[in-house]
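Quick notes on the structure that follows.
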Number of protein chains: 2
Amino acid sequence: MRTIYAEVLSIGDEILYGQITDTNSQWISAELDKIGVRTIRKTTVGDDEKQILQAFQEAERRADMVLITGGLGPTSDDLTKPLLARYFDSPISTNEQALAELEEMYRYRNRPLNALNRRQADLPEKCQFISNKVGTAPGMWFEREGKVFVSMPGVPHEMKKMMSEIILPKLERFFNPPAIYHRMVRTSGIAESVLAETLSEWEAQLPPHIKLAYLPKLMQVRLRLTAFGEDREQLKQEVEKEIEKLPPSVGKYIYGYDEDLLEEVIGRILREREETVSTAESCTGGHIAHTITSIAGSSDYFLGGIIPYQNEIKVEQLGVKVDTIAHYGAVSEECVKEMARNVREKFRTTYGLASSGIAGPGGGTPDKPVGTVWIALSDGVQTVAKKLALSKDRAINIQLTTVAVLNLLFQTLREKS
Amino acid sequence: MRTIYAEVLSIGDEILYGQITDTNSQWISAELDKIGVRTIRKTTVGDDEKQILQAFQEAERRADMVLITGGLGPTSDDLTKPLLARYFDSPISTNEQALAELEEMYRYRNRPLNALNRRQADLPEKCQFISNKVGTAPGMWFEREGKVFVSMPGVPHEMKKMMSEIILPKLERFFNPPAIYHRMVRTSGIAESVLAETLSEWEAQLPPHIKLAYLPKLMQVRLRLTAFGEDREQLKQEVEKEIEKLPPSVGKYIYGYDEDLLEEVIGRILREREETVSTAESCTGGHIAHTITSIAGSSDYFLGGIIPYQNEIKVEQLGVKVDTIAHYGAVSEECVKEMARNVREKFRTTYGLASSGIAGPGGGTPDKPVGTVWIALSDGVQTVAKKLALSKDRAINIQLTTVAVLNLLFQTLREKS
C-alpha cells in the first residue's frame, strides 16, 4: 500500500508578508486527510517568478500531487497561470468552455466582459479546465508522469466549492488513496506530562499502524489517534478498541471526542438533566459566563451571573459577609465559597460557580502572588473550593481559571451520573 | 542597501494535516515586516526527521534567518531540538540557566518537576538559550556563517512573548535591516468604504515612499502607514506630518495608535477622570465585562456587572419592570435603557452599559431577526440607546456588540472632554 503525498502551495505576497491569514491551506490539508492523502509539506511563496518555479520543482519531486491556490487574478502581478504554462511547456490559448462559462457569468451579473476579464478564459493547452461556479478564475488540472498539479483561485469560497465538488472526487479516482481514520480524545484537568507517564504502557502496545500525538492547549490535552490501512470501517473499529483500553485513571479526565468543547459537553448534560447554573466572577471578569454563553442555546441552562469586581460589590450585590473579606481577604477559600453559595441562591440555580484571584500583573503579595486563584462550586448540598497557582500572565490566568471552573463543574456532573 | 530575507518554518503534524490553524507564521512575518525583514518563504513540515532536516537545508540556502516554531514539547514526537543539534553538529547537555528558570517556574506553580519536564532544560551546546517567561520550552538561537536559526515554542502566546521581547530586538541588532517606519492609526465606528472615500484626496497626496493599507476587523478599521528609507527618525517625522493632515471628519473616529486597544484607551480616560463603569449584559453574556477586565488595572474603574440571561433575572436582579418586558420584549429600546440605568444605580458608577439582543443562531422572529441587538449607555443625566442589525453568526454578533458598546462609551467620553 503506497502512501499518496500532497504538497499545498499558496501563492501571494499578501499571505507571505502576513497581511492576510491563509485559511486555505489548513482547509485543503484537512480535506485531503479525509480521503487518505497525506500532506507532506505546505509552502507559501510570494508573487515572484523565481520562487514560484522553484517551488513547483521542489514540490513535484516530493509529492504525488501539488495543490496550488492564489495568483490567478487577471492583473499583471498574478503569475500562476503563465508560470504553469511555462513549467508544463504549454502554449496558452482561449479555452472555449472557459469562455462560454465566463460570458454566461457576466451575462447573469449584467456586467460587460472587458478584455482584461476575458483573459481569464485563456488557458494552457495542456491543462484540463476546472469550472469555477462562483467566480471568474477557472481552475487548471495538469498531469505528467503520474503526478498531478491543480491550480485553484485564492478566494476561499471559490476554492472550497471547486475542491469539494470537482477536485477531491477527481483526485480520489486518479490516485485511489489508502484508508485513514482519525479520532481525537479530549481531556481536561490532567497535565500533558502526567498523562504521558500514565499512558506510556498503553502507548507502547498500540499497533504500528495507529499513531498517537499529544496536543496540549490551556490545561486541556487532546490525544490524537490516527490509523492507516485498507479499510476505513475496520480502522475505526480498531481505534475505538484501543480507546476502550485507556486506563480508568485517565478516563475520568476525558470529556469528549473530535470537535467537542468542554462548555458544549457541559451544556448537553445540564440540558438533559434539566439543571441550571449561575456564575459569580471576580478575577475572570465575565469570561466564564462568556464561555458558557458562547454555545448556542445556552439560555436553556445558564440563568445569569454577577461580576462583583470590587469588595463592596461582593458585599452589597452578592451578600458576601464583610467579616469574611476582613478576616480572610477576597482571594480566599471562605470568600469564594460564599460567592458560589450566594449566587446559586440568588439565581435559584442547581449549581453556583465562583472565581476570585489575582489575575495580575499587579496586585500580588508574598502570601498571595500573582496567579493565586480560588474557585468554587456549590450544589446546595456542599460547596467545594480549589486553589490554583497559575502564571504571571493576566490573559492566560483568566483563561486557565475558566477551564478549571468548567472542569470542576464537569467532574461534579460526572460524579453525579 | 541589502534586503534581509527570512524563512518561517512551522513544524508539527497537527498543522500539516490541518487539525489546528497556524496563526504563528502570519504573526511572525507581519512582525518581521515591521523591522524591515522580507519573508521569502513559509514552510510547514510534519514531525518527520527527513522532512525537517531537508527544510533546514533549503531554508538556509534561501534566507538569512530561519524562524522555527513547534516541535519543542517534552514528548517523543517532538523532534526540533534533537534535529537542530544534529544539524549544527552540537552535543546536547543541561543548560544551567534553562534549568534554573524551569525549577523556578515549577516552584512558583507549586508542582513537582518530573524527569520528562526536566529534559526541557537540555539544550544543544552550540545554541544560545532564549528564556520562555510563560512556558517550559525554552527558545534556541543558532548562528553559522552570518545566518541565524531561531527555534521557538509553537504555543502562540509563548512564541509571541519570546519573539517580541527577545528575538526581534536581537535580530535587529544582528542584521541591522534597512529603515522602515510603521504607524497604525486605529478607528472605530466608521465603515471601511466611507473611510476610503473620505480619505481619497489625502491618500493621493501621500509621497511615494509612504504606503497606506486599510486593515478592517470587526467594525474597526486600522490605517497602516509604512515608510521606507534610510533614516528611521526622519521617516517617523514624515509619517507623523501626514497623520496630522487627516481630515477632522475622520479624526473623531480615531481612538488610538499602534497597539492601542479601544478598551485600554477607555480605561485610561476613566482612570484619569476618576470615573467608573458597570455593565448589564444579556446577549453578550459577559463578553463586554471580560473585554474591559482584560486590561490590567481595570479594577480602578470597572466596579462590576450583572448578566441577566433570563427575563426573570432581569426583573429580580436588575429591577427591570415586568411591564416593560411584557409590552416591548427583552430585546427593545425600553428594556435595554432600563438595564443601563438600573445597573448604573445599583453599582453607583458614572456610566452604566447594557446589551440585549438575539445573538443567534436560533431565537429570531420576522420582527426581530437574528442579529437584532439593542445597546444603551446611561450617565445619570441621559440614557442613549442604539439598535444594531448584525449578522447570523453568534460569535461575531457577540464581538460586534461588544465593540459597539465600547465605541458608544468612547464617543460619550470624547464629547465630554
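The chains in the C-alpha cells are called A, B, ... from first to last as shown; in each chain the residues are counted from 1, and the ligands are counted from 1 in the order shown.
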
For a quick test of understanding: name the residues of chain B lying within 6 Å of chain A when counting only C-alpha atoms, and present them as a PyMOL selection string.
chain B and resi 17-18+26+29-30+41-45+109+285-287+289-290+293+303-310

If chain B is superposed onto chain A by least squares over all C-alpha atoms in order, the resulting RMSD is 5.4 Å

- Query: What separation in Å, quoted to one decimal, exists between atom CA of B:Ser93 and atom CA of A:Glu203?
  - Reply: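 Going from atom CA of B:Ser93 over to atom CA of A:Glu203 covers 27.4 Å.
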
Quiz item: Could you pull out the strand (DSSP E) residues of stretch 88-294 of chain B from DSSP and send them as a count of residues only?
Solution: 58

Practice item. Check the smallest atom-to-atom distance from each of A:Leu377, A:Ile4, A:Val155, A:Ala326 to A:Ala404 using only C-alpha atoms, then report the winner. Key: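 Of A:Leu377, A:Ile4, A:Val155, A:Ala326, the one nearest A:Ala404, counting only C-alpha atoms, is A:Leu377.
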
Distance query B:Glu233 at most 12 Å, only C-alpha atoms, self and fewer than 5 positions along chain excluded, as a ChimeraX atom specification:
/B:179-182,227-228,238-240

Using N, CA, C and O atoms, can you write the selected residues to a file as a PDB file, in the first residue's frame?
ATOM      1  N   ALA B 179      15.959  50.926   7.020  1.00  0.00           N
ATOM      2  CA  ALA B 179      14.995  51.627   7.869  1.00  0.00           C
ATOM      3  C   ALA B 179      13.579  51.489   7.333  1.00  0.00           C
ATOM      4  O   ALA B 179      13.327  51.526   6.129  1.00  0.00           O
ATOM      5  N   ILE B 180      12.683  51.299   8.257  1.00  0.00           N
ATOM      6  CA  ILE B 180      11.278  51.204   7.916  1.00  0.00           C
ATOM      7  C   ILE B 180      10.535  51.811   9.095  1.00  0.00           C
ATOM      8  O   ILE B 180      10.980  51.706  10.237  1.00  0.00           O
ATOM      9  N   TYR B 181       9.455  52.484   8.825  1.00  0.00           N
ATOM     10  CA  TYR B 181       8.669  53.017   9.952  1.00  0.00           C
ATOM     11  C   TYR B 181       7.199  52.736   9.716  1.00  0.00           C
ATOM     12  O   TYR B 181       6.661  53.033   8.650  1.00  0.00           O
ATOM     13  N   HIS B 182       6.579  52.094  10.687  1.00  0.00           N
ATOM     14  CA  HIS B 182       5.163  51.779  10.610  1.00  0.00           C
ATOM     15  C   HIS B 182       4.400  52.600  11.621  1.00  0.00           C
ATOM     16  O   HIS B 182       4.845  52.765  12.760  1.00  0.00           O
ATOM     17  N   ALA B 227       6.576  53.632   5.880  1.00  0.00           N
ATOM     18  CA  ALA B 227       7.539  54.457   5.153  1.00  0.00           C
ATOM     19  C   ALA B 227       8.860  53.717   5.036  1.00  0.00           C
ATOM     20  O   ALA B 227       9.320  53.106   6.004  1.00  0.00           O
ATOM     21  N   PHE B 228       9.464  53.747   3.852  1.00  0.00           N
ATOM     22  CA  PHE B 228      10.747  53.097   3.618  1.00  0.00           C
ATOM     23  C   PHE B 228      11.807  54.150   3.328  1.00  0.00           C
ATOM     24  O   PHE B 228      11.520  55.137   2.646  1.00  0.00           O
ATOM     25  N   GLU B 238       8.105  62.297   8.980  1.00  0.00           N
ATOM     26  CA  GLU B 238       7.298  62.431   7.760  1.00  0.00           C
ATOM     27  C   GLU B 238       5.915  61.795   7.932  1.00  0.00           C
ATOM     28  O   GLU B 238       4.897  62.362   7.532  1.00  0.00           O
ATOM     29  N   VAL B 239       5.891  60.616   8.528  1.00  0.00           N
ATOM     30  CA  VAL B 239       4.616  59.928   8.726  1.00  0.00           C
ATOM     31  C   VAL B 239       3.717  60.718   9.685  1.00  0.00           C
ATOM     32  O   VAL B 239       2.520  60.905   9.440  1.00  0.00           O
ATOM     33  N   GLU B 240       4.314  61.223  10.757  1.00  0.00           N
ATOM     34  CA  GLU B 240       3.516  61.990  11.717  1.00  0.00           C
ATOM     35  C   GLU B 240       2.901  63.240  11.070  1.00  0.00           C
ATOM     36  O   GLU B 240       1.780  63.613  11.357  1.00  0.00           O
TER      37      GLU B 240
END

*asked:* If you run DSSP on the backbone here, which positions in stretch 156-316 of chain B get alpha helix (DSSP H)? Please write them as JSON, numbers by chain.
replied: {"B": [156, 157, 158, 159, 160, 161, 162, 168, 169, 170, 171, 172, 173, 174, 175, 192, 193, 194, 195, 196, 197, 198, 200, 201, 202, 203, 204, 232, 233, 234, 235, 236, 237, 238, 239, 240, 241, 242, 243, 244, 248, 249, 250, 251, 262, 263, 264, 265, 266, 267, 268, 269, 270, 271, 272, 273, 287, 288, 289, 290, 291, 292, 293, 311, 312, 313, 314, 315, 316]}

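In this structure, atom CA of A:Arg273 sits 23.8 Å away from atom CA of A:Ile375.
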
Could you name the residues that touch stretch 167-170 of chain A at 12 Å or less, counting only C-alpha atoms, but leaving out those on the same chain fewer than 6 positions away, as number ranges by chain?
-> A: 28-37, 65-68, 128-132, 139-142, 148-152, 159-161, 176-177

Now that the selection is made, can you save its residues with C-alpha atoms as a compact mmCIF listing (two decimals), in the first residue's frame?
# COMPACT_ATOMS: atom_id res chain seq x y z
CA ILE A 28 -7.18 21.80 1.96
CA SER A 29 -4.96 19.57 4.06
CA ALA A 30 -7.86 18.64 6.36
CA GLU A 31 -9.94 17.65 3.32
CA LEU A 32 -7.07 15.65 1.82
CA ASP A 33 -6.66 13.89 5.13
CA LYS A 34 -10.28 12.74 4.95
CA ILE A 35 -9.69 10.98 1.64
CA GLY A 36 -6.46 9.40 2.89
CA VAL A 37 -3.97 11.70 1.19
CA MET A 65 0.03 15.97 -6.19
CA VAL A 66 0.57 19.70 -5.86
CA LEU A 67 -2.44 21.79 -4.87
CA ILE A 68 -1.91 25.45 -5.67
CA GLN A 128 -7.88 20.36 -18.14
CA PHE A 129 -10.30 23.22 -17.46
CA ILE A 130 -11.91 23.16 -13.99
CA SER A 131 -15.13 25.10 -13.77
CA ASN A 132 -15.49 27.89 -11.18
CA GLY A 139 -9.10 26.05 -12.09
CA MET A 140 -6.49 24.07 -14.01
CA TRP A 141 -5.55 20.37 -13.82
CA PHE A 142 -2.19 19.18 -15.18
CA VAL A 148 -0.97 15.99 -10.75
CA PHE A 149 -0.78 19.76 -10.39
CA VAL A 150 -4.02 21.56 -9.60
CA SER A 151 -4.35 25.34 -9.62
CA MET A 152 -7.25 26.96 -7.80
CA MET A 159 -11.56 27.35 -3.87
CA LYS A 160 -13.71 25.35 -1.45
CA LYS A 161 -16.56 24.85 -3.87
CA ASN A 176 -7.25 5.68 -5.18
CA PRO A 177 -5.55 6.51 -1.84

- Tell me, as JSON, numbers by chain, which residues lie within 8 Å of A:Thr94, counting only C-alpha atoms; anything in the same chain fewer than 2 positions away does not count. {"A": [92, 96, 98, 99, 119, 121, 122, 123]}

(message) At a cut-off of 9 Å, using only C-alpha atoms, what residues contact A:Glu334? Leave out same-chain residues fewer than 5 positions from it and give the result as a ChimeraX atom specification.
(response) /A:324-325,328-329,339,385

Would you export the selected residues with C-alpha atoms as a compact mmCIF listing (two decimals), in the first residue's frame, please?
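Final file, result24.txt:
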# COMPACT_ATOMS: atom_id res chain seq x y z
CA THR A 324 -15.23 37.21 55.61
CA ILE A 325 -13.39 39.73 53.49
CA TYR A 328 -9.59 36.19 55.04
CA GLY A 329 -9.44 38.64 52.15
CA MET A 339 -19.76 33.69 46.40
CA ALA A 385 -13.29 25.01 46.60

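Across the structure, atom CA of B:Ile254 and atom CA of B:Leu195 are spaced 11.2 Å apart.
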